[in-house]
file data.txt (compact mmCIF, N, CA and C atoms)
# COMPACT_ATOMS: atom_id res chain seq x y z
N MET A 21 8.71 -14.77 7.17
CA MET A 21 7.43 -15.34 7.54
C MET A 21 7.23 -15.15 9.03
N SER A 22 5.99 -14.99 9.47
CA SER A 22 5.70 -14.82 10.88
C SER A 22 5.85 -16.14 11.62
N GLU A 23 5.84 -16.08 12.94
CA GLU A 23 5.99 -17.27 13.76
C GLU A 23 4.65 -17.87 14.14
N THR A 24 3.56 -17.24 13.71
CA THR A 24 2.22 -17.79 13.93
C THR A 24 1.45 -17.77 12.62
N CYS A 25 0.51 -18.67 12.50
CA CYS A 25 -0.34 -18.73 11.31
C CYS A 25 -1.23 -17.48 11.28
N PRO A 26 -1.34 -16.78 10.11
CA PRO A 26 -2.19 -15.59 10.04
C PRO A 26 -3.68 -15.92 10.10
N VAL A 27 -4.05 -17.20 9.96
CA VAL A 27 -5.46 -17.59 9.99
C VAL A 27 -5.88 -18.04 11.39
N CYS A 28 -5.14 -18.99 11.96
CA CYS A 28 -5.57 -19.58 13.25
C CYS A 28 -4.66 -19.21 14.42
N SER A 29 -3.57 -18.48 14.15
CA SER A 29 -2.61 -18.04 15.17
C SER A 29 -1.87 -19.19 15.84
N HIS A 30 -1.87 -20.36 15.25
CA HIS A 30 -1.12 -21.50 15.77
C HIS A 30 0.36 -21.28 15.49
N PRO A 31 1.26 -21.64 16.40
CA PRO A 31 2.70 -21.49 16.12
C PRO A 31 3.12 -22.34 14.91
N VAL A 32 3.97 -21.74 14.06
CA VAL A 32 4.52 -22.44 12.90
C VAL A 32 6.03 -22.21 12.88
N SER A 33 6.75 -23.12 12.26
CA SER A 33 8.19 -22.95 12.14
C SER A 33 8.50 -22.35 10.78
N PRO A 34 9.67 -21.70 10.62
CA PRO A 34 10.03 -21.12 9.33
C PRO A 34 10.10 -22.14 8.20
N ALA A 35 10.28 -23.43 8.53
CA ALA A 35 10.38 -24.47 7.51
C ALA A 35 9.01 -24.94 7.02
N ASP A 36 7.94 -24.63 7.75
CA ASP A 36 6.60 -25.08 7.38
C ASP A 36 6.13 -24.39 6.10
N THR A 37 5.52 -25.18 5.21
CA THR A 37 4.92 -24.61 4.00
C THR A 37 3.42 -24.42 4.18
N ALA A 38 2.87 -25.09 5.20
CA ALA A 38 1.45 -24.95 5.52
C ALA A 38 1.30 -25.06 7.03
N CYS A 39 0.25 -24.45 7.55
CA CYS A 39 -0.01 -24.50 8.99
C CYS A 39 -0.38 -25.94 9.37
N PRO A 40 0.28 -26.52 10.39
CA PRO A 40 -0.04 -27.89 10.78
C PRO A 40 -1.43 -28.02 11.41
N THR A 41 -2.03 -26.93 11.84
CA THR A 41 -3.34 -26.98 12.47
C THR A 41 -4.48 -26.81 11.47
N CYS A 42 -4.43 -25.71 10.68
CA CYS A 42 -5.56 -25.42 9.79
C CYS A 42 -5.26 -25.70 8.32
N GLY A 43 -3.99 -25.93 7.97
CA GLY A 43 -3.63 -26.25 6.59
C GLY A 43 -3.42 -25.04 5.70
N PHE A 44 -3.49 -23.81 6.26
CA PHE A 44 -3.30 -22.59 5.46
C PHE A 44 -1.92 -22.61 4.81
N LYS A 45 -1.88 -22.37 3.49
CA LYS A 45 -0.62 -22.36 2.75
C LYS A 45 0.18 -21.12 3.15
N LEU A 46 1.39 -21.32 3.67
CA LEU A 46 2.19 -20.22 4.19
C LEU A 46 3.12 -19.60 3.16
N LEU A 47 3.56 -20.36 2.17
CA LEU A 47 4.46 -19.81 1.16
C LEU A 47 3.66 -19.12 0.06
N GLY A 48 4.16 -17.98 -0.40
CA GLY A 48 3.51 -17.26 -1.48
C GLY A 48 2.34 -16.41 -1.03
N THR A 49 2.17 -16.23 0.28
CA THR A 49 1.09 -15.39 0.79
C THR A 49 1.63 -14.02 1.15
N THR A 50 0.75 -13.09 1.39
CA THR A 50 1.15 -11.76 1.80
C THR A 50 1.73 -11.80 3.20
N GLN A 51 2.84 -11.12 3.41
CA GLN A 51 3.50 -11.08 4.71
C GLN A 51 3.16 -9.79 5.43
N ALA A 52 3.27 -9.79 6.75
CA ALA A 52 2.97 -8.61 7.54
C ALA A 52 4.12 -7.61 7.51
N PHE A 53 3.84 -6.36 7.87
CA PHE A 53 4.84 -5.32 7.94
C PHE A 53 4.47 -4.39 9.09
N LYS A 54 5.37 -3.46 9.41
CA LYS A 54 5.10 -2.44 10.41
C LYS A 54 5.26 -1.08 9.73
N PRO A 55 4.37 -0.10 10.01
CA PRO A 55 4.47 1.21 9.37
C PRO A 55 5.73 1.95 9.80
N VAL A 56 6.20 2.84 8.93
CA VAL A 56 7.39 3.62 9.23
C VAL A 56 7.03 4.82 10.08
N ALA A 57 7.99 5.34 10.83
CA ALA A 57 7.79 6.55 11.62
C ALA A 57 7.84 7.75 10.69
N LEU A 58 6.96 8.72 10.91
CA LEU A 58 6.91 9.92 10.07
C LEU A 58 7.72 11.03 10.70
N ASP A 59 8.37 11.83 9.84
CA ASP A 59 9.21 12.93 10.32
C ASP A 59 8.48 14.26 10.31
N GLY A 60 7.49 14.45 9.44
CA GLY A 60 6.83 15.75 9.33
C GLY A 60 5.34 15.63 9.15
N ALA A 61 4.66 16.76 9.08
CA ALA A 61 3.21 16.79 8.92
C ALA A 61 2.85 16.99 7.45
N ALA A 62 1.62 16.66 7.10
CA ALA A 62 1.13 16.81 5.73
C ALA A 62 0.72 18.25 5.45
N ALA A 63 0.70 18.63 4.19
CA ALA A 63 0.32 19.98 3.78
C ALA A 63 -1.19 20.14 3.72
N ALA A 64 -1.66 21.34 3.44
CA ALA A 64 -3.09 21.64 3.39
C ALA A 64 -3.74 21.04 2.14
N VAL A 65 -5.07 20.92 2.16
CA VAL A 65 -5.84 20.38 1.05
C VAL A 65 -5.83 21.38 -0.11
N PRO A 66 -5.55 20.93 -1.34
CA PRO A 66 -5.56 21.84 -2.48
C PRO A 66 -6.98 22.30 -2.80
N GLU A 67 -7.08 23.55 -3.33
CA GLU A 67 -8.39 24.09 -3.66
C GLU A 67 -8.86 23.67 -5.05
N ALA A 68 -7.95 23.50 -5.99
CA ALA A 68 -8.30 23.13 -7.35
C ALA A 68 -7.78 21.74 -7.67
N ALA A 69 -8.31 21.18 -8.75
CA ALA A 69 -7.85 19.85 -9.18
C ALA A 69 -6.38 19.91 -9.57
N PRO A 70 -5.60 18.91 -9.17
CA PRO A 70 -4.19 18.92 -9.53
C PRO A 70 -4.00 18.75 -11.03
N THR A 71 -3.06 19.50 -11.59
CA THR A 71 -2.78 19.37 -13.02
C THR A 71 -1.84 18.20 -13.28
N CYS A 72 -0.97 17.93 -12.32
CA CYS A 72 -0.04 16.82 -12.44
C CYS A 72 0.23 16.28 -11.04
N ALA A 73 -0.04 15.02 -10.83
CA ALA A 73 0.18 14.41 -9.52
C ALA A 73 1.03 13.15 -9.70
N THR A 74 1.87 12.89 -8.70
CA THR A 74 2.76 11.73 -8.74
C THR A 74 2.84 11.05 -7.39
N LEU A 75 3.23 9.79 -7.43
CA LEU A 75 3.62 9.05 -6.24
C LEU A 75 5.09 8.73 -6.42
N ASN A 76 5.92 9.17 -5.47
CA ASN A 76 7.36 8.94 -5.52
C ASN A 76 7.73 7.95 -4.42
N VAL A 77 8.35 6.83 -4.79
CA VAL A 77 8.77 5.84 -3.80
C VAL A 77 9.97 6.42 -3.04
N VAL A 78 9.80 6.61 -1.71
CA VAL A 78 10.85 7.21 -0.90
C VAL A 78 11.51 6.22 0.07
N ARG A 79 10.85 5.09 0.33
CA ARG A 79 11.44 4.04 1.18
C ARG A 79 10.98 2.69 0.67
N GLY A 80 11.82 1.68 0.91
CA GLY A 80 11.48 0.32 0.52
C GLY A 80 12.02 -0.03 -0.84
N PRO A 81 11.50 -1.10 -1.44
CA PRO A 81 11.94 -1.49 -2.78
C PRO A 81 11.66 -0.40 -3.80
N GLN A 82 12.49 -0.27 -4.78
CA GLN A 82 12.31 0.64 -5.92
C GLN A 82 12.34 2.11 -5.53
N VAL A 83 13.17 2.49 -4.53
CA VAL A 83 13.30 3.89 -4.15
C VAL A 83 13.69 4.71 -5.38
N GLY A 84 13.05 5.86 -5.56
CA GLY A 84 13.33 6.73 -6.69
C GLY A 84 12.37 6.58 -7.85
N ILE A 85 11.58 5.52 -7.87
CA ILE A 85 10.60 5.32 -8.95
C ILE A 85 9.44 6.30 -8.75
N THR A 86 8.96 6.89 -9.85
CA THR A 86 7.83 7.82 -9.80
C THR A 86 6.70 7.26 -10.64
N PHE A 87 5.50 7.27 -10.05
CA PHE A 87 4.29 6.85 -10.75
C PHE A 87 3.45 8.08 -11.02
N GLN A 88 3.08 8.29 -12.29
CA GLN A 88 2.27 9.43 -12.70
C GLN A 88 0.80 9.10 -12.54
N LEU A 89 0.03 10.00 -11.91
CA LEU A 89 -1.41 9.81 -11.77
C LEU A 89 -2.10 10.60 -12.87
N GLY A 90 -3.17 10.05 -13.42
CA GLY A 90 -3.87 10.70 -14.51
C GLY A 90 -5.36 10.82 -14.24
N GLY A 91 -6.13 10.87 -15.30
CA GLY A 91 -7.57 11.06 -15.19
C GLY A 91 -8.36 9.78 -14.98
N GLU A 92 -7.71 8.63 -15.05
CA GLU A 92 -8.38 7.34 -14.89
C GLU A 92 -7.99 6.71 -13.56
N PRO A 93 -8.87 5.88 -12.98
CA PRO A 93 -8.50 5.16 -11.76
C PRO A 93 -7.31 4.24 -12.03
N LEU A 94 -6.42 4.14 -11.03
CA LEU A 94 -5.25 3.27 -11.12
C LEU A 94 -5.34 2.21 -10.03
N THR A 95 -5.09 0.97 -10.42
CA THR A 95 -5.05 -0.11 -9.44
C THR A 95 -3.62 -0.24 -8.92
N VAL A 96 -3.49 -0.60 -7.64
CA VAL A 96 -2.20 -0.74 -6.99
C VAL A 96 -2.13 -2.12 -6.37
N GLY A 97 -1.08 -2.88 -6.68
CA GLY A 97 -0.97 -4.19 -6.06
C GLY A 97 0.20 -5.01 -6.58
N ARG A 98 0.26 -6.24 -6.07
CA ARG A 98 1.33 -7.17 -6.43
C ARG A 98 1.05 -7.88 -7.76
N SER A 99 -0.17 -7.81 -8.24
CA SER A 99 -0.50 -8.44 -9.51
C SER A 99 0.13 -7.65 -10.66
N PRO A 100 0.79 -8.32 -11.61
CA PRO A 100 1.36 -7.61 -12.75
C PRO A 100 0.32 -6.88 -13.60
N GLN A 101 -0.96 -7.23 -13.43
CA GLN A 101 -2.01 -6.54 -14.17
C GLN A 101 -2.37 -5.18 -13.57
N CYS A 102 -1.88 -4.87 -12.37
CA CYS A 102 -2.18 -3.59 -11.73
C CYS A 102 -1.47 -2.45 -12.46
N SER A 103 -2.10 -1.28 -12.46
CA SER A 103 -1.51 -0.09 -13.07
C SER A 103 -0.21 0.28 -12.39
N ILE A 104 -0.19 0.19 -11.05
CA ILE A 104 1.02 0.42 -10.26
C ILE A 104 1.40 -0.91 -9.64
N PHE A 105 2.40 -1.54 -10.23
CA PHE A 105 2.84 -2.88 -9.84
C PHE A 105 3.89 -2.77 -8.75
N LEU A 106 3.57 -3.24 -7.54
CA LEU A 106 4.49 -3.23 -6.41
C LEU A 106 4.84 -4.67 -6.08
N ASN A 107 5.96 -5.11 -6.56
CA ASN A 107 6.35 -6.51 -6.47
C ASN A 107 7.01 -6.82 -5.13
N ASP A 108 6.19 -7.11 -4.12
CA ASP A 108 6.70 -7.47 -2.80
C ASP A 108 5.60 -8.27 -2.09
N MET A 109 6.00 -9.26 -1.29
CA MET A 109 5.04 -10.14 -0.64
C MET A 109 4.22 -9.44 0.46
N THR A 110 4.58 -8.22 0.86
CA THR A 110 3.80 -7.48 1.85
C THR A 110 2.65 -6.72 1.20
N VAL A 111 2.57 -6.77 -0.13
CA VAL A 111 1.53 -6.09 -0.90
C VAL A 111 0.53 -7.13 -1.39
N SER A 112 -0.76 -6.87 -1.20
CA SER A 112 -1.79 -7.78 -1.70
C SER A 112 -1.87 -7.70 -3.22
N ARG A 113 -2.39 -8.75 -3.83
CA ARG A 113 -2.48 -8.77 -5.30
C ARG A 113 -3.26 -7.56 -5.82
N MET A 114 -4.40 -7.26 -5.20
CA MET A 114 -5.18 -6.05 -5.53
C MET A 114 -5.29 -5.28 -4.22
N HIS A 115 -4.36 -4.37 -3.98
CA HIS A 115 -4.22 -3.73 -2.67
C HIS A 115 -5.08 -2.47 -2.54
N ALA A 116 -5.04 -1.59 -3.56
CA ALA A 116 -5.73 -0.30 -3.46
C ALA A 116 -6.08 0.22 -4.84
N VAL A 117 -6.92 1.26 -4.85
CA VAL A 117 -7.26 1.99 -6.07
C VAL A 117 -7.05 3.46 -5.78
N ILE A 118 -6.45 4.19 -6.72
CA ILE A 118 -6.30 5.64 -6.62
C ILE A 118 -7.06 6.23 -7.79
N GLU A 119 -8.00 7.15 -7.48
CA GLU A 119 -8.81 7.72 -8.55
C GLU A 119 -9.08 9.20 -8.32
N PRO A 120 -9.20 9.95 -9.42
CA PRO A 120 -9.54 11.37 -9.28
C PRO A 120 -11.00 11.49 -8.86
N GLU A 121 -11.25 12.42 -7.92
CA GLU A 121 -12.61 12.62 -7.42
C GLU A 121 -12.73 14.01 -6.82
N ALA A 122 -13.68 14.80 -7.29
CA ALA A 122 -13.99 16.12 -6.74
C ALA A 122 -12.76 17.00 -6.58
N GLY A 123 -11.92 17.08 -7.61
CA GLY A 123 -10.78 17.98 -7.59
C GLY A 123 -9.56 17.47 -6.85
N CYS A 124 -9.54 16.19 -6.45
CA CYS A 124 -8.37 15.63 -5.77
C CYS A 124 -8.27 14.16 -6.14
N TYR A 125 -7.27 13.49 -5.60
CA TYR A 125 -7.14 12.05 -5.77
C TYR A 125 -7.50 11.37 -4.46
N VAL A 126 -8.20 10.25 -4.58
CA VAL A 126 -8.62 9.48 -3.40
C VAL A 126 -8.02 8.09 -3.52
N ILE A 127 -7.44 7.61 -2.40
CA ILE A 127 -6.93 6.25 -2.35
C ILE A 127 -7.91 5.41 -1.54
N ARG A 128 -8.23 4.21 -2.04
CA ARG A 128 -9.18 3.31 -1.38
C ARG A 128 -8.56 1.93 -1.22
N ASP A 129 -8.61 1.43 0.00
CA ASP A 129 -8.15 0.07 0.28
C ASP A 129 -9.11 -0.91 -0.39
N GLN A 130 -8.59 -1.99 -0.93
CA GLN A 130 -9.40 -3.01 -1.58
C GLN A 130 -9.40 -4.30 -0.76
N ASN A 131 -9.67 -4.16 0.54
CA ASN A 131 -9.68 -5.30 1.47
C ASN A 131 -8.33 -6.01 1.50
N SER A 132 -7.26 -5.22 1.53
CA SER A 132 -5.91 -5.78 1.54
C SER A 132 -5.58 -6.37 2.90
N PHE A 133 -4.57 -7.24 2.94
CA PHE A 133 -4.15 -7.90 4.17
C PHE A 133 -3.50 -6.92 5.14
N ASN A 134 -2.60 -6.07 4.66
CA ASN A 134 -1.86 -5.14 5.51
C ASN A 134 -2.46 -3.74 5.56
N GLY A 135 -3.48 -3.47 4.79
CA GLY A 135 -4.12 -2.17 4.81
C GLY A 135 -3.35 -1.10 4.04
N VAL A 136 -3.98 0.06 3.94
CA VAL A 136 -3.38 1.24 3.33
C VAL A 136 -3.15 2.23 4.46
N TRP A 137 -1.95 2.74 4.54
CA TRP A 137 -1.57 3.69 5.59
C TRP A 137 -1.28 5.04 4.96
N VAL A 138 -1.92 6.09 5.47
CA VAL A 138 -1.63 7.46 5.03
C VAL A 138 -1.21 8.24 6.26
N ASN A 139 -0.01 8.77 6.21
CA ASN A 139 0.57 9.52 7.34
C ASN A 139 0.49 8.72 8.63
N ASN A 140 0.85 7.45 8.53
CA ASN A 140 0.94 6.52 9.66
C ASN A 140 -0.41 6.19 10.29
N GLU A 141 -1.48 6.32 9.52
CA GLU A 141 -2.82 6.00 9.99
C GLU A 141 -3.47 5.07 8.97
N VAL A 142 -4.00 3.94 9.43
CA VAL A 142 -4.65 3.01 8.51
C VAL A 142 -5.98 3.63 8.07
N VAL A 143 -6.26 3.56 6.75
CA VAL A 143 -7.46 4.20 6.20
C VAL A 143 -8.19 3.24 5.26
N GLU A 144 -9.48 3.39 5.17
CA GLU A 144 -10.29 2.70 4.16
C GLU A 144 -10.29 3.51 2.87
N ALA A 145 -10.44 4.84 3.01
CA ALA A 145 -10.40 5.76 1.88
C ALA A 145 -9.93 7.10 2.41
N ARG A 146 -9.15 7.83 1.59
CA ARG A 146 -8.64 9.12 2.04
C ARG A 146 -8.35 9.99 0.83
N ALA A 147 -8.77 11.25 0.87
CA ALA A 147 -8.37 12.23 -0.14
C ALA A 147 -6.91 12.57 0.12
N LEU A 148 -6.11 12.55 -0.93
CA LEU A 148 -4.67 12.78 -0.79
C LEU A 148 -4.34 14.26 -0.87
N ARG A 149 -3.36 14.67 -0.08
CA ARG A 149 -2.88 16.05 -0.05
C ARG A 149 -1.39 16.03 -0.34
N PRO A 150 -0.86 17.09 -0.94
CA PRO A 150 0.57 17.13 -1.22
C PRO A 150 1.39 16.87 0.04
N GLY A 151 2.38 16.01 -0.09
CA GLY A 151 3.24 15.67 1.04
C GLY A 151 2.79 14.45 1.81
N ASP A 152 1.57 13.94 1.55
CA ASP A 152 1.11 12.75 2.26
C ASP A 152 2.05 11.58 1.99
N LEU A 153 2.32 10.81 3.05
CA LEU A 153 3.12 9.60 2.92
C LEU A 153 2.18 8.41 2.93
N ILE A 154 2.22 7.63 1.87
CA ILE A 154 1.35 6.47 1.71
C ILE A 154 2.22 5.23 1.85
N GLN A 155 1.82 4.33 2.74
CA GLN A 155 2.55 3.09 2.88
C GLN A 155 1.65 1.94 2.47
N ILE A 156 2.15 1.18 1.51
CA ILE A 156 1.50 -0.03 1.04
C ILE A 156 2.56 -1.12 1.14
N GLY A 157 2.38 -2.01 2.10
CA GLY A 157 3.41 -3.01 2.37
C GLY A 157 4.69 -2.32 2.76
N THR A 158 5.81 -2.73 2.17
CA THR A 158 7.09 -2.11 2.49
C THR A 158 7.37 -0.87 1.64
N PHE A 159 6.46 -0.52 0.74
CA PHE A 159 6.63 0.65 -0.11
C PHE A 159 6.08 1.89 0.61
N CYS A 160 6.91 2.92 0.73
CA CYS A 160 6.48 4.20 1.27
C CYS A 160 6.60 5.21 0.14
N MET A 161 5.48 5.85 -0.20
CA MET A 161 5.45 6.78 -1.33
C MET A 161 4.94 8.14 -0.88
N ARG A 162 5.52 9.19 -1.45
CA ARG A 162 5.09 10.55 -1.15
C ARG A 162 4.22 11.04 -2.31
N TYR A 163 3.04 11.55 -1.96
CA TYR A 163 2.12 12.10 -2.96
C TYR A 163 2.49 13.57 -3.18
N GLU A 164 2.67 13.95 -4.44
CA GLU A 164 3.03 15.33 -4.80
C GLU A 164 2.17 15.82 -5.94
N GLU A 165 1.95 17.12 -5.99
CA GLU A 165 1.22 17.78 -7.07
C GLU A 165 2.07 18.90 -7.63
N SER A 166 1.83 19.22 -8.92
CA SER A 166 2.52 20.38 -9.51
C SER A 166 1.59 21.10 -10.46

call {"tool": "encode", "arguments": {"input": "data.txt", "output": "C-alpha cells"}}
result
Amino acid sequence: MSETCPVCSHPVSPADTACPTCGFKLLGTTQAFKPVALDGAAAAVPEAAPTCATLNVVRGPQVGITFQLGGEPLTVGRSPQCSIFLNDMTVSRMHAVIEPEAGCYVIRDQNSFNGVWVNNEVVEARALRPGDLIQIGTFCMRYEES
C-alpha cells in the first residue's frame, strides 16, 4: 500500500484500512505500480490482418501464460468475468479491451487506475504490432502474431 491516500494525498500508515482524512477505503483497492524498463524496440506494423495473435506474459505474476486473441473483443481486468483475468491488485476490475479493428488488434484503456502502457508509454488506445510490450499493472505481456 502507498504511504499517501490515492484520493486526498493525506499521509496514511500501513495499518490504516481507511484514510483518516477523507474515509477512502484503502484495503481491496487497486495499488500503484511503476512501468518496467524496455530492452528493445517494437517491430513494424503488419500489412494484413493477423491469422493468429497472442499475448504472452513475460514478467510479473503468471509468467509463461499465453492468451489467444480471436475475432471478438476481449476484456482485460481483475474481475473474474473478464476474458483475460489478471488477478493482481495493481489491475483494475475492468482495465482494458482488446479488439480486432482494420486488420490489426487495438488495445483501449477503460479508465483504469494505473493505465495501459505499450512500450513504456501510457496510451488511451493503440494498434498493436508484433513485439509490443504491454504492461497492465504488474503484468508485462508481449504481443505476437503468426

call {"tool": "residues_around", "arguments": {"input": "data.txt", "residues": "Val126 in chain A", "least_positions_apart": "2", "cutoff": "7 Å", "atoms": "all atoms listed in the file", "output": "ChimeraX atom specification"}}
result
/A:117-121,124,128,145-148

call {"tool": "closest_residue", "arguments": {"input": "data.txt", "among": "A:Met114, A:Phe44, A:Gly80, A:Cys28", "to": "Gln101 in chain A", "atoms": "only C-alpha atoms"}}
result
A:Met114

call {"tool": "atom_distance", "arguments": {"input": "data.txt", "atom1": "atom N of Gly123 in chain A", "atom2": "atom N of Arg149 in chain A"}}
result
11.7 Å

call {"tool": "closest_residue", "arguments": {"input": "data.txt", "among": "A:Leu89, A:Pro55, A:Gly84, A:Asn140", "to": "Ser166 in chain A", "atoms": "only C-alpha atoms"}}
result
A:Leu89

call {"tool": "closest_residue", "arguments": {"input": "data.txt", "among": "A:Gly91, A:Gly135, A:Pro81, A:Pro100", "to": "Cys160 in chain A", "atoms": "only N, CA and C atoms"}}
result
A:Pro81

call {"tool": "select_by_dssp", "arguments": {"input": "data.txt", "residues": "chain A", "states": "strand (DSSP E or B)", "output": "ChimeraX atom specification"}}
result
/A:24,31,38,45,73-79,86-89,94-97,104-105,116-121,124-129,136-138,141-143,145-147,153-156,159-165
